[in-house]
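Shown here: entry-v7.txt, compact mmCIF, C-alpha atoms.
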```txt
# COMPACT_ATOMS: atom_id res chain seq x y z
CA MET A 437 -30.69 -63.45 -41.53
CA VAL A 438 -31.33 -59.99 -39.96
CA SER A 439 -34.71 -58.57 -40.89
CA GLN A 440 -35.15 -54.93 -41.93
CA GLU A 441 -36.94 -54.17 -38.65
CA GLN A 442 -34.09 -55.69 -36.58
CA ARG A 443 -31.55 -53.67 -38.58
CA ARG A 444 -33.54 -50.48 -37.96
CA ARG A 445 -33.60 -51.14 -34.21
CA GLN A 446 -29.87 -51.88 -34.18
CA LEU A 447 -29.09 -48.60 -35.94
CA ALA A 448 -31.33 -46.74 -33.50
CA ARG A 449 -29.50 -48.27 -30.51
CA GLU A 450 -26.09 -47.37 -32.01
CA LYS A 451 -27.27 -43.79 -32.58
CA PHE A 452 -28.49 -43.56 -28.98
CA LEU A 453 -25.18 -44.88 -27.65
CA ARG A 454 -23.24 -42.36 -29.76
CA GLN A 455 -25.38 -39.51 -28.40
CA GLN A 456 -24.82 -40.64 -24.82
CA GLN A 457 -21.06 -40.86 -25.41
CA ARG A 458 -20.95 -37.32 -26.85
CA ARG A 459 -22.93 -35.98 -23.87
CA THR A 460 -20.57 -37.68 -21.40
CA GLN A 461 -17.53 -36.22 -23.19
CA ALA A 462 -19.12 -32.75 -23.20
CA ARG A 463 -19.76 -32.93 -19.44
CA ARG A 464 -16.14 -33.95 -18.81
CA LYS A 465 -14.82 -31.04 -20.91
CA ALA A 466 -17.09 -28.61 -19.07
CA ASN A 467 -15.86 -29.88 -15.70
CA VAL A 468 -12.22 -29.48 -16.76
CA ARG A 469 -12.89 -25.99 -18.13
CA ASN A 470 -14.63 -24.90 -14.91
CA SER A 471 -11.76 -26.27 -12.82
CA VAL A 472 -9.24 -24.30 -14.86
CA ILE A 473 -11.30 -21.10 -14.56
CA ALA A 474 -11.57 -21.56 -10.80
CA SER A 475 -7.81 -22.10 -10.53
CA VAL A 476 -7.06 -18.96 -12.55
CA LEU A 477 -9.43 -16.88 -10.44
CA GLY A 478 -7.74 -18.21 -7.32
CA VAL A 479 -4.34 -17.14 -8.62
CA ILE A 480 -5.67 -13.69 -9.47
CA VAL A 481 -7.09 -13.22 -5.96
CA ILE A 482 -3.88 -14.41 -4.29
CA GLY A 483 -1.82 -12.21 -6.60
CA SER A 484 -3.93 -9.18 -5.77
CA VAL A 485 -3.38 -9.69 -2.04
CA THR A 486 0.36 -10.07 -2.61
CA LEU A 487 0.49 -6.88 -4.66
CA TYR A 488 -1.36 -5.04 -1.95
CA THR A 489 0.96 -6.04 0.86
CA THR A 490 4.10 -5.29 -1.16
CA GLY A 491 2.99 -2.23 -3.12
CA ALA A 492 0.96 -0.16 -0.78
CA LEU A 493 3.87 1.96 0.41
CA LYS A 494 5.39 2.76 -2.95
CA GLY A 495 5.44 6.39 -3.89
CA ASP A 496 7.62 9.43 -4.34
CA ASP A 497 8.28 11.24 -7.56
CA LYS A 498 9.05 8.35 -9.95
CA LYS A 499 7.15 7.11 -13.01
CA ALA A 500 7.51 3.56 -11.71
CA ASN A 501 5.22 4.48 -8.88
CA ALA A 502 2.28 5.03 -11.19
CA ALA A 503 1.88 1.27 -11.44
CA ALA A 504 2.60 0.70 -7.77
CA ASP A 505 0.00 3.16 -6.61
CA VAL A 506 -2.89 1.49 -8.45
CA THR A 507 -2.39 -1.88 -6.78
CA PRO A 508 -5.20 -2.90 -4.42
CA SER A 509 -5.06 -1.04 -1.15
CA ALA A 510 -7.25 -0.82 1.92
CA THR A 511 -10.78 -2.16 1.88
CA PRO A 512 -13.11 0.87 2.11
CA THR A 513 -14.92 1.06 5.40
CA SER A 514 -18.28 2.60 6.22
CA LYS A 515 -17.90 6.31 6.68
CA ALA A 516 -17.84 7.52 10.26
CA PRO A 517 -18.13 11.12 11.47
CA ASP A 518 -14.98 13.11 10.75
CA PRO A 519 -13.07 13.27 14.07
CA CYS A 520 -10.74 16.04 12.89
CA GLY A 521 -10.95 19.81 12.72
CA LYS A 522 -10.68 22.21 9.80
CA PRO A 523 -7.22 22.82 8.26
CA ALA A 524 -5.37 26.00 9.17
CA ALA A 525 -5.40 28.81 6.64
CA GLY A 526 -2.71 28.52 4.00
CA SER A 527 -1.71 26.45 0.99
CA VAL A 528 0.98 23.99 0.00
CA GLU A 529 4.17 25.53 -1.37
CA LYS A 530 5.66 23.88 -4.46
CA MET A 531 9.33 23.19 -3.76
CA SER A 532 11.98 21.02 -5.37
CA TRP A 533 15.71 20.51 -5.06
CA LYS A 534 18.17 18.73 -7.32
CA LYS A 535 20.21 17.04 -4.61
CA GLU A 536 20.04 15.90 -1.02
CA PRO A 537 20.70 18.74 1.45
CA ALA A 538 24.10 19.03 3.09
CA MET A 539 24.40 17.47 6.54
CA THR A 540 23.64 20.15 9.13
CA ILE A 541 22.35 18.17 12.12
CA ASP A 542 24.43 16.98 15.05
CA THR A 543 24.28 13.21 14.60
CA SER A 544 25.17 12.66 18.25
CA ALA A 545 22.24 14.75 19.50
CA LYS A 546 18.58 13.86 19.98
CA TYR A 547 15.95 15.29 17.67
CA SER A 548 12.16 15.11 17.68
CA MET A 549 9.49 15.97 15.12
CA LYS A 550 6.07 17.41 15.83
CA LEU A 551 3.29 17.01 13.28
CA ALA A 552 0.60 19.52 14.24
CA THR A 553 -2.36 18.00 12.40
CA THR A 554 -6.06 18.74 12.14
CA CYS A 555 -6.61 15.60 14.24
CA GLY A 556 -4.15 16.47 17.01
CA ASP A 557 -0.39 16.63 17.56
CA ILE A 558 1.71 13.61 16.63
CA ASP A 559 5.12 13.72 18.31
CA VAL A 560 7.91 11.53 16.94
CA ALA A 561 11.25 10.71 18.58
CA LEU A 562 13.73 10.60 15.69
CA LYS A 563 16.49 7.99 15.35
CA THR A 564 19.21 10.46 14.50
CA ALA A 565 22.29 8.27 14.89
CA ALA A 566 20.75 5.30 13.05
CA ALA A 567 19.22 7.28 10.17
CA PRO A 568 21.21 10.54 9.89
CA HIS A 569 20.50 11.23 6.21
CA THR A 570 16.76 10.78 6.71
CA VAL A 571 16.58 12.88 9.88
CA ASN A 572 18.74 15.59 8.28
CA SER A 573 16.38 15.68 5.29
CA PHE A 574 13.30 16.02 7.49
CA ASN A 575 15.00 18.78 9.46
CA PHE A 576 15.70 20.58 6.17
CA LEU A 577 12.24 20.07 4.65
CA ALA A 578 10.37 20.97 7.82
CA GLY A 579 12.45 24.12 8.13
CA LYS A 580 11.40 25.11 4.61
CA GLY A 581 7.72 24.55 5.37
CA TYR A 582 7.61 21.73 2.84
CA PHE A 583 5.09 19.61 4.80
CA ASP A 584 2.87 22.49 5.91
CA HIS A 585 -0.79 22.21 4.76
CA THR A 586 -0.20 18.80 3.13
CA LYS A 587 -2.79 16.02 3.32
CA CYS A 588 -2.05 12.50 4.48
CA HIS A 589 -3.21 10.77 1.34
CA ARG A 590 -3.47 7.07 2.25
CA LEU A 591 -4.82 4.94 5.07
CA THR A 592 -4.55 1.16 4.82
CA THR A 593 -6.87 -0.97 6.91
CA THR A 594 -6.27 -4.49 5.60
CA GLY A 595 -3.04 -6.49 5.57
CA ILE A 596 -0.91 -3.59 6.75
CA TYR A 597 -2.02 -0.74 8.99
CA VAL A 598 -0.43 2.59 8.16
CA LEU A 599 -1.16 6.25 7.54
CA GLN A 600 0.95 7.63 4.70
CA CYS A 601 1.85 11.32 4.45
CA GLY A 602 4.54 13.65 3.12
CA ASP A 603 3.40 14.26 -0.46
CA PRO A 604 2.61 17.90 -1.31
CA GLN A 605 0.67 16.68 -4.35
CA GLY A 606 -1.57 14.49 -2.20
CA THR A 607 -1.48 11.73 -4.83
CA GLY A 608 1.38 9.49 -3.71
CA MET A 609 3.49 10.66 -6.67
CA GLY A 610 5.17 13.73 -5.18
CA GLY A 611 8.64 14.20 -3.76
CA PRO A 612 11.36 16.78 -3.04
CA GLY A 613 13.31 16.14 -6.26
CA TYR A 614 16.10 14.16 -4.59
CA THR A 615 16.31 10.68 -3.10
CA LEU A 616 17.78 9.34 0.13
CA PRO A 617 19.84 6.24 0.88
CA ASP A 618 18.21 3.40 2.79
CA GLU A 619 19.18 3.42 6.47
CA ASN A 620 18.65 1.43 9.65
CA LEU A 621 17.13 -1.61 7.91
CA LYS A 622 18.54 -3.87 10.63
CA ASP A 623 16.81 -1.99 13.43
CA LYS A 624 16.20 -4.27 16.41
CA SER A 625 12.52 -3.38 16.40
CA LEU A 626 11.98 -5.02 13.00
CA LYS A 627 11.53 -8.60 14.13
CA GLY A 628 9.95 -11.31 12.00
CA ASN A 629 9.39 -9.00 9.01
CA THR A 630 7.06 -6.85 11.08
CA TYR A 631 6.99 -3.09 11.54
CA PRO A 632 5.58 -2.63 15.05
CA ALA A 633 2.91 -0.10 15.94
CA GLY A 634 4.42 3.33 16.53
CA THR A 635 7.09 3.00 13.83
CA VAL A 636 7.64 5.91 11.44
CA ALA A 637 9.35 4.83 8.22
CA MET A 638 10.09 6.01 4.70
CA ALA A 639 8.02 5.06 1.67
CA ASN A 640 9.95 4.28 -1.52
CA THR A 641 9.51 3.14 -5.12
CA GLY A 642 10.26 -0.49 -4.36
CA GLN A 643 13.88 0.00 -5.40
CA LYS A 644 16.86 0.59 -3.14
CA HIS A 645 17.76 4.11 -2.05
CA THR A 646 14.63 5.80 -3.46
CA GLY A 647 13.15 7.45 -0.37
CA GLY A 648 12.12 11.08 -0.77
CA SER A 649 9.63 12.91 1.45
CA GLN A 650 6.79 10.42 1.81
CA PHE A 651 6.62 8.49 5.06
CA PHE A 652 4.20 6.24 6.89
CA LEU A 653 3.11 5.90 10.50
CA VAL A 654 2.23 2.40 11.69
CA TYR A 655 -0.83 2.30 13.97
CA LYS A 656 -0.93 -1.51 14.31
CA ASP A 657 1.78 -4.17 13.87
CA SER A 658 2.19 -4.67 10.11
CA PRO A 659 3.89 -7.49 8.17
CA LEU A 660 6.44 -5.85 5.88
CA PRO A 661 9.91 -6.76 4.64
CA PRO A 662 12.73 -4.63 6.14
CA SER A 663 12.95 -2.41 3.06
CA TYR A 664 11.67 0.89 4.45
CA THR A 665 13.95 3.09 6.55
CA PRO A 666 12.60 3.24 10.13
CA PHE A 667 13.57 6.68 11.44
CA GLY A 668 11.24 7.46 14.32
CA THR A 669 8.83 6.32 17.01
CA VAL A 670 5.44 7.89 17.74
CA SER A 671 4.72 9.01 21.31
CA GLU A 672 1.92 7.50 23.37
CA ALA A 673 -0.23 10.60 22.88
CA GLY A 674 0.52 10.54 19.16
CA MET A 675 -0.63 6.92 18.95
CA LYS A 676 -4.02 7.94 20.33
CA VAL A 677 -4.32 10.44 17.47
CA LEU A 678 -3.39 7.73 14.94
CA GLN A 679 -5.94 5.34 16.43
CA LYS A 680 -8.61 8.02 16.15
CA ILE A 681 -7.78 8.51 12.47
CA ALA A 682 -7.77 4.77 11.81
CA ALA A 683 -11.10 4.27 13.59
CA ALA A 684 -12.78 6.63 11.10
CA GLY A 685 -11.87 4.22 8.29
CA ALA A 686 -10.80 4.67 4.68
CA GLN A 687 -12.49 5.67 1.45
CA ALA A 688 -12.80 3.54 -1.68
CA ALA A 689 -9.69 3.50 -3.87
CA ASP A 690 -9.26 6.50 -6.13
CA PRO A 691 -9.55 5.26 -9.75
CA THR A 692 -6.62 7.41 -10.86
CA SER A 693 -4.04 6.96 -8.10
CA GLY A 694 -5.33 3.84 -6.34
CA ASN A 695 -5.03 5.59 -2.98
CA THR A 696 -7.48 4.82 -0.19
CA ALA A 697 -7.68 8.18 1.54
CA PRO A 698 -8.66 8.35 5.22
CA ASN A 699 -12.25 9.34 5.95
CA ALA A 700 -10.82 11.74 8.52
CA THR A 701 -9.54 15.06 7.20
CA VAL A 702 -5.86 14.56 8.06
CA VAL A 703 -3.84 17.66 7.19
CA ILE A 704 -0.40 18.54 8.57
CA ASN A 705 -0.86 22.20 9.49
CA LYS A 706 2.77 22.50 10.56
CA ALA A 707 5.76 20.18 10.83
CA THR A 708 8.73 21.09 13.02
CA VAL A 709 11.96 19.29 13.90
CA THR A 710 13.63 20.25 17.17
CA LYS A 711 16.99 19.42 18.70
CA SER A 712 16.66 18.27 22.31
```

Any chance you could put this one into structure tokens?
Amino acid sequence: MVSQEQRRRQLAREKFLRQQQRRTQARRKANVRNSVIASVLGVIVIGSVTLYTTGALKGDDKKANAAADVTPSATPTSKAPDPCGKPAAGSVEKMSWKKEPAMTIDTSAKYSMKLATTCGDIDVALKTAAAPHTVNSFNFLAGKGYFDHTKCHRLTTTGIYVLQCGDPQGTGMGGPGYTLPDENLKDKSLKGNTYPAGTVAMANTGQKHTGGSQFFLVYKDSPLPPSYTPFGTVSEAGMKVLQKIAAAGAQAADPTSGNTAPNATVVINKATVTKS
């Protein structure tokens, strides 16, 4: 027969065992919960990097770009001395057109574009035959003074390496009012989903045939899908100017637009397109 004292000890042992079991179960649940949280955070980080590499070049006069332009962009770098001069006197002219300009260039001729910037001249050999609509548009816009006094609003320094320009608004949301067809997406220079250093290409909204006036200049080989019309190549002297701009680094992302503006004061004082 079990005495009262033995029964009391038995109940105490059972209570202790139940407490230990509950503690073990709680630790297991906590471990599972922490593993799930870590996995979710990992997905978020990977997703952010993916958004950056695919969304950094979206822009140009469409509401859809509002979302694209706030995706993570370049990591801000410590501010270096501004290597560029003061902008020329003048202001940006507000211009807009309802449709793409009529073809006026000679598609069999050679054309070049000069961007006279506060950081130095950037000369670009244009791919007229391969991208006639794009070159014709730049010839038209430059002739109207559309790019004059405009800031290059984005510099990316992580993942892809480009300077983006061509928006009179300076926000990544501006455009000429019309869109251009995609061209030259099978250019021989675009090997292995890479836009090589020196390439000048069109930004777009992420959809087909949505280029406008914004363009980007690649200062270091950049992994990108062949979705952005390559229409020019920067000269050797122009590359030195780009490298100088890149070396000055980028600012923290603007909370409104998501742009990481260059630390250098990059303003296109004058853009001209010339037939050779």

Nearest to Leu562 of chain A: which of A:Gly634, A:Gly628, A:Pro523, A:Gly608 is it, counting only C-alpha atoms? A:Gly634

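With distances restricted to only C-alpha atoms, A:Asn705 is the closest residue to Thr553 of chain A from A:Ser712, A:Asn699, A:Asn705, A:Asn620.
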
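Note that atom CA of Met531 of chain A and atom CA of His589 of chain A are 18.4 Å apart.
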
Residue nearest Ser671 of chain A among A:Thr592, A:Phe576, A:Leu551, A:Thr701 (counting all atoms listed in the file):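 Ranked by minimum distance to Ser671 of chain A, first place goes to A:Leu551.
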
If you measure from atom CA of Leu493 of chain A to atom CA of Ala525 of chain A, what distance in Å do you get, rounded to one decimal?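 Distance reported for this atom pair: 29.1 Å.
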
Quote the spacing between atom CA of Lys563 of chain A and atom CA of Thr696 of chain A in Å to one decimal place.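 Interatomic distance here is 28.7 Å.
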
Could you give me, as a short mmCIF file (atom, residue, chain, number, x, y, z; two decimals) with C-alpha atoms, keeping the file's coordinate frame, the residues within 7 Å of Gly647 of chain A, counting all atoms listed in the file and dropping anything in the same chain fewer than 3 positions from it?
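part-v1.cif, freshly written:
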```cif
data_model
loop_
_atom_site.label_atom_id
_atom_site.label_comp_id
_atom_site.auth_asym_id
_atom_site.auth_seq_id
_atom_site.Cartn_x
_atom_site.Cartn_y
_atom_site.Cartn_z
CA THR A 615 16.31 10.68 -3.10
CA LEU A 616 17.78 9.34 0.13
CA PRO A 617 19.84 6.24 0.88
CA MET A 638 10.09 6.01 4.70
CA ALA A 639 8.02 5.06 1.67
CA ASN A 640 9.95 4.28 -1.52
#
```

Close residues, Asp584 of chain A itself excluded, 7 Å, only C-alpha atoms, min 3 positions apart in chain, as number ranges by chain: A: 528, 581, 704-707

Coordinates of box centre and edge lengths for segment 550-559 of chain A, 6 Å on every side, axis-aligned, as AutoDock Vina command-line options:
```
--center_x -0.3 --center_y 16.6 --center_z 15.2 --size_x 24.7 --size_y 17.9 --size_z 18.2
```

Best match for closeness to Glu536 of chain A among A:Gly648, A:Gly674, A:Pro659, A:Gly694, counting all atoms listed in the file: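 Ranking A:Gly648, A:Gly674, A:Pro659, A:Gly694 by distance to Glu536 of chain A, first place goes to A:Gly648.
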
Find the spatial neighbours of Ser649 of chain A, counting all atoms listed in the file, within a cut-off of 7 Å - ignore same-chain residues fewer than 3 positions away - and output them as number ranges by chain. A: 602-603, 611-612

Please identify all polymer residues within 8 Å of segment 538-549 of chain A, counting all atoms listed in the file, omitting same-chain residues fewer than 4 positions from it, and present them as a list in words.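 Everything that qualifies: Asp559, Val560, Ala561, Leu562, Lys563, Thr564, Ala565, Pro568, His569, Asn572, Asn575, Ala707, Thr708, Val709, Thr710, Lys711 and Ser712 of chain A.
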
Measuring atom to atom with all atoms listed in the file, identify which of A:Val571, A:Ala683, A:Leu577, A:Ala637 is nearest to Pro604 of chain A.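 Closest candidate: A:Leu577.
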
Which of A:Pro519, A:Gly579, A:Pro666, A:Pro537 sits closest to Lys624 of chain A [using all atoms listed in the file]: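 Answer, going by the shortest atom-to-atom distance: A:Pro666.
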
List the spatial neighbours of Leu660 of chain A as a list of chain:residue names - criterion: any atom at most 10 Å away, only C-alpha atoms, same-chain residues fewer than 3 positions off excluded.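 My list of contacting residues is A:Thr489, A:Thr490, A:Leu493, A:Gly595, A:Ile596, A:Leu626, A:Gly628, A:Asn629, A:Thr630, A:Tyr631, A:Pro632, A:Asp657, A:Ser663, A:Tyr664.
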